[in-house]
Amino acid sequence: MSYWKRRWDRHLDGLQDDDPCRQVGRTLHQQPMGATMFRSMLARVVDQLELQPDHRVLDLCCGNGLLSTEIAAHCRSVLAVDFSHELIKQMAAQRRLNVTAIVADAVNVCFRPASFDRILVAAAVQQFTEPEVIRLFERMASWLKPGGILLVTDVLDSERIWRFYDTEQRRGLYFEQTMAGAPILGTWINRTWLRHLACHAGFEQCVPMEQPSSYWYSHYRFDFVCRRRTRHMARG
Ligand SMILES: C[S@@+](CC[C@H](N)C(=O)[O-])C[C@H]1O[C@@H](n2cnc3c(N)ncnc32)[C@H](O)[C@@H]1O
């Protein structure tokens, strides 16, 4: 079982309440994200995905479906995928007719080419190694229809890593945990690296975006949007 799968299983075992934001780690100093910030974040996602009523959307690493169930109101269907049974079970309770939820590992899940108009990977890309991110982008490009949009949110910004690890104690912990193969937040990514990767994988209009400064994690995370090229050599 992968490190992140174990981490999520442990996180869910240890939860004292069923606050949906807490379930997926949307917290600061152990306080779950409030409704205002969540609504603002959701509005940005809907806007950046340019959702249309006939769109089929893949929400990869969907957690408990906090976003999947909301964006379903703006499109034809959402396929929500996560490797946590427990989180997928939470989503099932919400019964949105146009949301299908499946338990699968994004590292090896497969879809037919051009199955989706939009793909969302929210607050999860940090849980893949660099080689996995490369492969994932190649596969997501093939799953998207030409002109389809990929939105990746909350990318850990490698150029601002020390804004997060901002004390000697935190930096110490970071080095120890990284050495132990048990990273605290996950993989930190360079914006230019991600732009080049997206171009390599078959995307265009690749744009890293700042988050509003009022967002809790905006000082060390960014969002990333790109569009699948219309003439594209699928990589499988
Ligand atoms: C921080 S949560 C974000 C959940 C959701 N996207 C959201 O924004 O509310 C990260 C999610 O990624 C999932 N995840 C991490 N690695 C995964 C993988 N390889 N395959 C499927 N899900 C994965 C975890 O189970 C967790 O639900």
# chains A, B, ... in the order shown; residues from 1 in each chain; ligands from 1
>>> select_by_dssp(residues="region 29-235 of chain A", states="strand (DSSP E or B)", output="PyMOL selection string")
chain A and resi 31-32+56-60+77-82+99-103+116-122+144-157+189+203-210+221-228
>>> residues_around(residues="region 27-30 of chain A", least_positions_apart="6", cutoff="10 Å", atoms="only C-alpha atoms", output="ChimeraX atom specification")
/A:21,216-217
>>> select_by_dssp(residues="region 98-209 of chain A", states="alpha helix (DSSP H)", output="count of residues only")
41
>>> closest_residue(among="A:Glu130, A:Asp223, A:Asp9, A:Asp117", to="Gly148 (chain A)", atoms="only C-alpha atoms")
A:Asp117
>>> residues_around(residues="Phe222 (chain A)", least_positions_apart="3", cutoff="9 Å", atoms="only C-alpha atoms", output="MDAnalysis selection string")
chainID A and resid 152:157 191 208:211 217:219
>>> closest_atom_pairs(of="region 53-90 of chain A", to="region 39-47 of chain A", cutoff="12 Å", atoms="only C-alpha atoms", output="Markdown table")
| residue | atom | partner | partner_atom | distance |
| --- | --- | --- | --- | --- |
| A:Pro53 | CA | A:Val46 | CA | 11.7 |
| A:His55 | CA | A:Val46 | CA | 11.9 |
| A:Val57 | CA | A:Val46 | CA | 11.3 |
| A:Asp59 | CA | A:Val45 | CA | 11.5 |
| A:Leu66 | CA | A:Leu42 | CA | 9.3 |
| A:Leu67 | CA | A:Leu42 | CA | 6.9 |
| A:Ser68 | CA | A:Leu42 | CA | 10.0 |
| A:Thr69 | CA | A:Leu42 | CA | 10.8 |
| A:Glu70 | CA | A:Leu42 | CA | 7.8 |
| A:Ile71 | CA | A:Val46 | CA | 6.6 |
| A:Ala72 | CA | A:Val46 | CA | 10.0 |
| A:Ala73 | CA | A:Val46 | CA | 10.0 |
| A:His74 | CA | A:Val46 | CA | 7.8 |
| A:Cys75 | CA | A:Val46 | CA | 9.8 |
>>> residues_around(residues="Cys61 (chain A)", least_positions_apart="6", cutoff="10 Å", atoms="only C-alpha atoms", output="list in words")
Ala80, Val81, Asp82, Phe83, Ser84, Val103, Ala104, Asp105, Ala106, Leu120, Val121, Ala122, Ala123, Ala124, Val125 and Gln127 of chain A
>>> write_last_selection(atoms="all heavy atoms", output="mmCIF file, in the first residue's frame")
data_model
loop_
_atom_site.group_PDB
_atom_site.id
_atom_site.type_symbol
_atom_site.label_atom_id
_atom_site.label_comp_id
_atom_site.auth_asym_id
_atom_site.auth_seq_id
_atom_site.Cartn_x
_atom_site.Cartn_y
_atom_site.Cartn_z
ATOM 1 N N ALA A 80 -16.340 10.675 -10.346
ATOM 2 C CA ALA A 80 -15.515 11.050 -9.197
ATOM 3 C C ALA A 80 -14.683 9.839 -8.772
ATOM 4 O O ALA A 80 -15.230 8.763 -8.534
ATOM 5 C CB ALA A 80 -16.407 11.513 -8.058
ATOM 6 N N VAL A 81 -13.368 10.025 -8.704
ATOM 7 C CA VAL A 81 -12.458 8.893 -8.464
ATOM 8 C C VAL A 81 -11.547 9.193 -7.279
ATOM 9 O O VAL A 81 -10.937 10.260 -7.221
ATOM 10 C CB VAL A 81 -11.578 8.656 -9.716
ATOM 11 C CG1 VAL A 81 -10.581 7.526 -9.475
ATOM 12 C CG2 VAL A 81 -12.426 8.368 -10.942
ATOM 13 N N ASP A 82 -11.465 8.255 -6.371
ATOM 14 C CA ASP A 82 -10.518 8.396 -5.253
ATOM 15 C C ASP A 82 -10.118 7.002 -4.796
ATOM 16 O O ASP A 82 -10.883 6.059 -4.960
ATOM 17 C CB ASP A 82 -11.158 9.164 -4.091
ATOM 18 C CG ASP A 82 -10.125 9.774 -3.163
ATOM 19 O OD1 ASP A 82 -9.540 9.021 -2.337
ATOM 20 O OD2 ASP A 82 -9.863 10.992 -3.267
ATOM 21 N N PHE A 83 -8.903 6.896 -4.219
ATOM 22 C CA PHE A 83 -8.494 5.557 -3.764
ATOM 23 C C PHE A 83 -8.934 5.255 -2.335
ATOM 24 O O PHE A 83 -8.644 4.189 -1.812
ATOM 25 C CB PHE A 83 -7.012 5.280 -4.006
ATOM 26 C CG PHE A 83 -5.995 6.122 -3.266
ATOM 27 C CD1 PHE A 83 -6.323 6.935 -2.208
ATOM 28 C CD2 PHE A 83 -4.649 6.059 -3.654
ATOM 29 C CE1 PHE A 83 -5.365 7.680 -1.549
ATOM 30 C CE2 PHE A 83 -3.683 6.797 -3.003
ATOM 31 C CZ PHE A 83 -4.046 7.610 -1.951
ATOM 32 N N SER A 84 -9.634 6.194 -1.706
ATOM 33 C CA SER A 84 -10.100 5.952 -0.342
ATOM 34 C C SER A 84 -11.555 5.480 -0.341
ATOM 35 O O SER A 84 -12.466 6.245 -0.658
ATOM 36 C CB SER A 84 -9.975 7.244 0.476
ATOM 37 O OG SER A 84 -10.746 7.132 1.652
ATOM 38 N N VAL A 103 -13.922 3.800 -6.628
ATOM 39 C CA VAL A 103 -12.676 3.692 -5.870
ATOM 40 C C VAL A 103 -11.613 3.181 -6.827
ATOM 41 O O VAL A 103 -11.747 2.095 -7.392
ATOM 42 C CB VAL A 103 -12.834 2.690 -4.701
ATOM 43 C CG1 VAL A 103 -11.508 2.519 -3.959
ATOM 44 C CG2 VAL A 103 -13.930 3.156 -3.748
ATOM 45 N N ALA A 104 -10.577 3.989 -7.044
ATOM 46 C CA ALA A 104 -9.481 3.565 -7.929
ATOM 47 C C ALA A 104 -8.267 4.428 -7.644
ATOM 48 O O ALA A 104 -8.387 5.561 -7.160
ATOM 49 C CB ALA A 104 -9.888 3.704 -9.395
ATOM 50 N N ASP A 105 -7.108 3.874 -7.962
ATOM 51 C CA ASP A 105 -5.856 4.607 -7.786
ATOM 52 C C ASP A 105 -5.556 5.358 -9.082
ATOM 53 O O ASP A 105 -5.487 4.749 -10.157
ATOM 54 C CB ASP A 105 -4.735 3.602 -7.475
ATOM 55 C CG ASP A 105 -3.452 4.306 -7.042
ATOM 56 O OD1 ASP A 105 -3.212 5.449 -7.487
ATOM 57 O OD2 ASP A 105 -2.704 3.710 -6.259
ATOM 58 N N ALA A 106 -5.386 6.674 -8.969
ATOM 59 C CA ALA A 106 -5.143 7.493 -10.167
ATOM 60 C C ALA A 106 -3.837 7.107 -10.865
ATOM 61 O O ALA A 106 -3.671 7.405 -12.048
ATOM 62 C CB ALA A 106 -5.089 8.968 -9.773
ATOM 63 N N LEU A 120 -10.634 17.740 -13.377
ATOM 64 C CA LEU A 120 -10.261 18.510 -12.189
ATOM 65 C C LEU A 120 -9.393 17.634 -11.287
ATOM 66 O O LEU A 120 -9.756 16.485 -11.002
ATOM 67 C CB LEU A 120 -11.535 18.925 -11.433
ATOM 68 C CG LEU A 120 -11.335 19.557 -10.052
ATOM 69 C CD1 LEU A 120 -10.608 20.909 -10.165
ATOM 70 C CD2 LEU A 120 -12.681 19.750 -9.352
ATOM 71 N N VAL A 121 -8.250 18.186 -10.880
ATOM 72 C CA VAL A 121 -7.432 17.521 -9.854
ATOM 73 C C VAL A 121 -7.232 18.567 -8.761
ATOM 74 O O VAL A 121 -6.387 19.458 -8.885
ATOM 75 C CB VAL A 121 -6.065 17.060 -10.413
ATOM 76 C CG1 VAL A 121 -5.268 16.322 -9.340
ATOM 77 C CG2 VAL A 121 -6.238 16.182 -11.647
ATOM 78 N N ALA A 122 -8.057 18.509 -7.719
ATOM 79 C CA ALA A 122 -8.044 19.571 -6.705
ATOM 80 C C ALA A 122 -7.288 19.120 -5.466
ATOM 81 O O ALA A 122 -7.609 18.089 -4.868
ATOM 82 C CB ALA A 122 -9.472 19.967 -6.339
ATOM 83 N N ALA A 123 -6.277 19.901 -5.111
ATOM 84 C CA ALA A 123 -5.534 19.695 -3.858
ATOM 85 C C ALA A 123 -4.977 18.280 -3.726
ATOM 86 O O ALA A 123 -4.985 17.720 -2.631
ATOM 87 C CB ALA A 123 -6.437 20.036 -2.665
ATOM 88 N N ALA A 124 -4.518 17.714 -4.823
ATOM 89 C CA ALA A 124 -4.060 16.325 -4.739
ATOM 90 C C ALA A 124 -2.767 16.034 -5.499
ATOM 91 O O ALA A 124 -2.127 15.013 -5.235
ATOM 92 C CB ALA A 124 -5.155 15.394 -5.249
ATOM 93 N N VAL A 125 -2.354 16.908 -6.408
ATOM 94 C CA VAL A 125 -1.213 16.550 -7.262
ATOM 95 C C VAL A 125 0.077 16.391 -6.448
ATOM 96 O O VAL A 125 1.001 15.685 -6.853
ATOM 97 C CB VAL A 125 -1.053 17.579 -8.416
ATOM 98 C CG1 VAL A 125 -0.460 18.886 -7.943
ATOM 99 C CG2 VAL A 125 -0.241 16.990 -9.562
ATOM 100 N N GLN A 127 0.460 14.654 -4.031
ATOM 101 C CA GLN A 127 0.579 13.302 -3.494
ATOM 102 C C GLN A 127 1.074 12.294 -4.536
ATOM 103 O O GLN A 127 0.941 11.089 -4.369
ATOM 104 C CB GLN A 127 -0.758 12.894 -2.866
ATOM 105 C CG GLN A 127 -0.991 13.769 -1.644
ATOM 106 C CD GLN A 127 -2.349 13.649 -1.036
ATOM 107 O OE1 GLN A 127 -3.131 12.777 -1.370
ATOM 108 N NE2 GLN A 127 -2.629 14.549 -0.107
#
>>> residues_around(residues="Arg22 (chain A)", least_positions_apart="5", cutoff="12 Å", atoms="only C-alpha atoms", output="list of chain:residue names")
A:Trp8, A:His11, A:Leu12, A:Gly14, A:Leu15, A:Gln16, A:Asp17, A:Thr27, A:Leu28, A:His29, A:Gln30, A:Gln31, A:Pro32, A:Met33, A:Gly34, A:Gly63, A:Asn64, A:Leu66, A:Leu87
>>> atom_distance(atom1="CA of Leu144 (chain A)", atom2="CA of Ala198 (chain A)")
13.0 Å
>>> closest_residue(among="A:Val207, A:Leu49, A:Leu197, A:Val133", to="ligand 1", atoms="only C-alpha atoms and all ligand atoms")
A:Val133
>>> closest_residue(among="A:Lys145, A:Arg160, A:Arg7, A:Arg118", to="Pro183 (chain A)", atoms="only C-alpha atoms")
A:Arg7
>>> closest_residue(among="A:Leu60, A:Ala141, A:Ala114, A:Met37", to="Ala101 (chain A)", atoms="only C-alpha atoms")
A:Leu60
